[in-house]
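S.K.: For reference, the structure I am asking about is given below.
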Amino acid sequence: MRWALVKVCLAVTTMVVVAFAVPLGLVIKEMVRDRAFSNAEREAAAVAPALSITTDRDQLERVVASAGSDAGMAVHIPASDAVAAEDIGRRRAADKDIATVRRLGRASTSEVPGGSTLLQPVALSSGEIAVVEVYVPESEVSNGVGTAWAVLAAVGAALVVGSVAVADRLGVRMVQPAQRLVESAHELGDGQLGARVPEEGPTELRLAAVAFNSMADQVVQLLANERELAADLSHRLRTPLTVLRLNAASLGQGPAADQTRAAVAQLEREVDTIIRTAREAKPQTAAAGPGAGCDAAEVVRERMGFWSALAEDEGRKWRVAGADRPVRIPVARTDLAAALDALLGNVFRHTPEGTAFAVDVHNGEDAVIVLVSDAGSGIRDPEAAMARGRGSGSDGSTGLGLDIVRRLAEATGGDVRIGSSVLGGTEVRIWIQLDGREPVRRGHRGSVRRRRRGRLVSTFNRPRSLP
């Protein structure tokens, strides 16, 4: 906007300067020419009285000399019965021009080398027509014209520079509020909820700043209300959790009782985490910094140890592969555990008892892939299943489990894909990026990642048997 305003002002000012300066320069040039020929006419008029009285050469030479123009004036006397034709002074005009003036009886000008001549007819006492020639050099015709053009050019340049400077200041006054509005919008989009715009500048931008600040205040209020609501809802779970913990304490000893008490304790910790996170207004899932993260193999073994008891109760065969050695990933331990619980919970919730499942961990150079597959009937519409909040339509299905997994993967620059597993059912593939690249947007995948993924996926798309 700033440079557009400067360009417009530059174009307009230049056209105005040209429209006024060029005609004014031409007028000055014409005025100088008229002044030069007016002086020539006065010189010729000074000789005319003497010619009307006498044609004596000596007297006419004295008159021409007294006029001070003996070098630039000539008198052409025609032939008559008493005298012969003669020229007094230096002749520059052509014979035909002199004859034309003598025949027409009116003054005229003609071009000669180095300038112009004024030919003025004068009637003699004998009735003949003499011609007075006054030489006007080119330097006298153009005297002061160059200076006038230089002054006009300087004035025009000063006007153009001044108008550009004024337009630039006006552009800065208009652009700076717009830039601050853009910067504040980016800051608000990056999560800086305190970003506000100074309400200054032109009227329209002030109104935009007021609207933006009002919107930001509403966003902050809505987020605060949402956090309070999440904290309140989570706090309501404490009462049934307390009942579950008391009931679990009365189960006695045994593996099932121990697992139940461990599950209740974990659920209490998760509820506490939700309440603290909501109160502190911090995201639950964030990209881990350098050196942070967890051992994916250890987390997989731990969670499979928890779900294996339920699998045995339901007669499900299960398998874990690739979790026998450490696999470091830039994901918090609790986040990966929540993602695995969401996927394994979907297996138990949406497949019949006795359906086999498997968890595979594949460690590559720049990525780690975690596969959760089952031998169920599969997912008819994987894209709809990935939509947050859609769910499957059955009781207890909210559609948030897969979204939790997706956000975990995209926080590292990876993604989540749903396809067919080698067991015949559904396969959820979690791609966790290790090279610290920026998180990707849904629906935008780079060709380099596809090539890398192709090399890594080709190493594990082979059927494996369950134990």
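By convention in this document, the chains of the structure tokens carry letters A, B, ... by their order, each chain's residues are numbered from 1, and ligands are numbered from 1 in the order they are shown.
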Taking 2 positions as the minimum chain separation for residues in the same chain, which residues sit within 8 Å of Gly201 of chain A when counting only C-alpha atoms? Answer as a list in words.
M.R.: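 Once the nearby chain positions are removed, what remains is Arg173, Met174, Pro177, Glu199, Thr203, Leu205 and Arg206 of chain A.
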S.K.: From segment 195-243 of chain A, collect each residue whose DSSP state is alpha helix (DSSP H) and return the set as a count of residues only.
M.R.: 40
S.K.: Please identify all polymer residues within 8 Å of Ala337 of chain A, counting only C-alpha atoms, omitting same-chain residues fewer than 4 positions from it, and present them as a list of chain:residue names.
M.R.: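 Residues near the query, excluding close chain neighbours: A:Val299, A:Val300, A:Arg303, A:Arg333, A:Asp341.
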S.K.: Write the residues of the preceding selection, restricted to N, CA and C atoms, as a PDB file, in the first residue's frame.
M.R.:
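Final output, saved to out-v4.pdb:
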```pdb
ATOM      1  N   VAL A 299       7.261 -48.194  26.643  1.00  0.00           N
ATOM      2  CA  VAL A 299       5.852 -47.838  26.817  1.00  0.00           C
ATOM      3  C   VAL A 299       4.955 -48.913  26.201  1.00  0.00           C
ATOM      4  N   VAL A 300       5.329 -49.420  25.038  1.00  0.00           N
ATOM      5  CA  VAL A 300       4.530 -50.467  24.388  1.00  0.00           C
ATOM      6  C   VAL A 300       4.479 -51.711  25.266  1.00  0.00           C
ATOM      7  N   ARG A 303       2.137 -51.003  28.325  1.00  0.00           N
ATOM      8  CA  ARG A 303       0.704 -50.966  28.035  1.00  0.00           C
ATOM      9  C   ARG A 303       0.189 -52.339  27.585  1.00  0.00           C
ATOM     10  N   ARG A 333       6.007 -39.518  27.533  1.00  0.00           N
ATOM     11  CA  ARG A 333       5.615 -40.883  27.869  1.00  0.00           C
ATOM     12  C   ARG A 333       4.098 -40.988  28.062  1.00  0.00           C
ATOM     13  N   ASP A 341      -3.398 -46.555  24.476  1.00  0.00           N
ATOM     14  CA  ASP A 341      -4.625 -46.971  25.160  1.00  0.00           C
ATOM     15  C   ASP A 341      -5.850 -46.677  24.304  1.00  0.00           C
TER      16      ASP A 341
END
```
S.K.: Restricting the calculation to only C-alpha atoms: of A:Val6, A:Ala107, A:Leu402, A:Val63, which residue gets closest to Ile418 of chain A?
M.R.: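 Among the listed residues, the smallest separation from Ile418 of chain A belongs to A:Leu402.
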S.K.: If you count only C-alpha atoms, which residues fall within 8 Å of Ser108 of chain A, apart from same-chain ones fewer than 5 positions away, as a list in words?
M.R.: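 Those residues are Val101, Leu118, Leu119 and Gln120 of chain A.
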S.K.: Write the residues of the selection above to a file with C-alpha atoms, as a compact mmCIF listing (two decimals), in the first residue's frame.
M.R.:
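Below is the file part03.txt, written as the result:
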```txt
# COMPACT_ATOMS: atom_id res chain seq x y z
CA VAL A 101 9.18 43.05 -49.08
CA LEU A 118 14.04 41.76 -40.05
CA LEU A 119 13.24 43.44 -43.38
CA GLN A 120 11.42 46.75 -42.87
```
S.K.: For segment 341-382 of chain A against segment 419-422 of chain A, with a cut-off of 9 Å and counting only C-alpha atoms, what is the closest atom pair and its distance in Å to one decimal for every residue that makes the cut, ordered by chain and number, as a tab-separated table?
M.R.:
```
residue	atom	partner	partner_atom	distance
A:Val372	CA	A:Ser421	CA	8.7
A:Ser373	CA	A:Ser421	CA	5.7
A:Asp374	CA	A:Ser421	CA	6.9
A:Ala375	CA	A:Ser421	CA	7.6
A:Gly378	CA	A:Ser420	CA	7.0
A:Ile379	CA	A:Gly419	CA	8.2
A:Pro382	CA	A:Gly419	CA	7.4
```
S.K.: With DSSP run on the backbone, what are the strand (DSSP E or B) residues within segment 139-375 of chain A? I'd like them as a list in words.
M.R.: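 These are the residues in question: Cys294, Asp295, Trp318, Arg319, Val320, Ala321, Arg328, Ile329, Phe357, Ala358, Val359, Asp360, Val361, His362, Asn363, Ala367, Val368, Ile369, Val370, Leu371, Val372, Ser373 and Asp374 of chain A.
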S.K.: For those residues, write N, CA, C and O atoms to a file as a compact mmCIF listing (two decimals), in the first residue's frame.
M.R.:
```
# COMPACT_ATOMS: atom_id res chain seq x y z
N CYS A 294 10.66 -40.25 25.21
CA CYS A 294 10.54 -41.50 25.97
C CYS A 294 11.01 -42.66 25.11
O CYS A 294 11.32 -42.51 23.92
N ASP A 295 11.06 -43.83 25.74
CA ASP A 295 11.40 -45.07 25.04
C ASP A 295 10.09 -45.72 24.60
O ASP A 295 9.31 -46.21 25.42
N TRP A 318 -2.56 -62.22 20.83
CA TRP A 318 -1.90 -60.93 20.63
C TRP A 318 -0.40 -61.13 20.41
O TRP A 318 0.15 -62.16 20.73
N ARG A 319 0.21 -60.12 19.84
CA ARG A 319 1.64 -60.21 19.53
C ARG A 319 2.25 -58.81 19.62
O ARG A 319 1.63 -57.81 19.27
N VAL A 320 3.48 -58.74 20.11
CA VAL A 320 4.26 -57.50 20.15
C VAL A 320 5.57 -57.76 19.42
O VAL A 320 6.25 -58.76 19.69
N ALA A 321 5.93 -56.88 18.49
CA ALA A 321 7.17 -57.03 17.72
C ALA A 321 7.92 -55.71 17.70
O ALA A 321 7.31 -54.63 17.65
N ARG A 328 13.95 -44.50 20.97
CA ARG A 328 13.69 -43.16 21.48
C ARG A 328 12.85 -42.35 20.49
O ARG A 328 13.12 -42.37 19.28
N ILE A 329 11.85 -41.67 21.02
CA ILE A 329 10.99 -40.81 20.19
C ILE A 329 10.77 -39.49 20.92
O ILE A 329 10.80 -39.44 22.16
N PHE A 357 -5.02 -59.37 17.79
CA PHE A 357 -4.48 -58.03 17.51
C PHE A 357 -2.96 -58.08 17.72
O PHE A 357 -2.43 -59.03 18.33
N ALA A 358 -2.27 -57.05 17.23
CA ALA A 358 -0.81 -57.00 17.30
C ALA A 358 -0.36 -55.55 17.36
O ALA A 358 -1.03 -54.65 16.84
N VAL A 359 0.81 -55.34 17.97
CA VAL A 359 1.46 -54.03 18.03
C VAL A 359 2.88 -54.21 17.54
O VAL A 359 3.63 -55.06 18.07
N ASP A 360 3.28 -53.46 16.51
CA ASP A 360 4.62 -53.54 15.93
C ASP A 360 5.29 -52.18 16.03
O ASP A 360 4.66 -51.14 15.79
N VAL A 361 6.56 -52.18 16.37
CA VAL A 361 7.37 -50.97 16.44
C VAL A 361 8.50 -51.10 15.45
O VAL A 361 9.27 -52.09 15.49
N HIS A 362 8.61 -50.13 14.53
CA HIS A 362 9.66 -50.15 13.50
C HIS A 362 10.48 -48.88 13.64
O HIS A 362 9.94 -47.77 13.56
N ASN A 363 11.77 -49.04 13.84
CA ASN A 363 12.68 -47.92 14.07
C ASN A 363 13.47 -47.65 12.79
O ASN A 363 14.23 -48.51 12.34
N ALA A 367 12.47 -41.77 11.30
CA ALA A 367 11.10 -41.91 11.78
C ALA A 367 10.93 -43.23 12.50
O ALA A 367 11.68 -44.20 12.27
N VAL A 368 9.94 -43.25 13.38
CA VAL A 368 9.52 -44.48 14.07
C VAL A 368 8.05 -44.72 13.73
O VAL A 368 7.24 -43.78 13.79
N ILE A 369 7.74 -45.95 13.34
CA ILE A 369 6.36 -46.30 13.00
C ILE A 369 5.84 -47.29 14.03
O ILE A 369 6.49 -48.31 14.32
N VAL A 370 4.68 -46.96 14.58
CA VAL A 370 4.00 -47.87 15.50
C VAL A 370 2.72 -48.33 14.81
O VAL A 370 1.89 -47.52 14.41
N LEU A 371 2.58 -49.64 14.66
CA LEU A 371 1.42 -50.23 14.01
C LEU A 371 0.56 -50.95 15.04
O LEU A 371 1.06 -51.74 15.84
N VAL A 372 -0.73 -50.64 15.02
CA VAL A 372 -1.71 -51.36 15.83
C VAL A 372 -2.70 -51.99 14.86
O VAL A 372 -3.43 -51.28 14.16
N SER A 373 -2.72 -53.30 14.76
CA SER A 373 -3.54 -54.00 13.78
C SER A 373 -4.39 -55.05 14.48
O SER A 373 -4.07 -55.51 15.58
N ASP A 374 -5.49 -55.40 13.82
CA ASP A 374 -6.38 -56.41 14.38
C ASP A 374 -6.92 -57.27 13.25
O ASP A 374 -6.74 -56.96 12.06
```
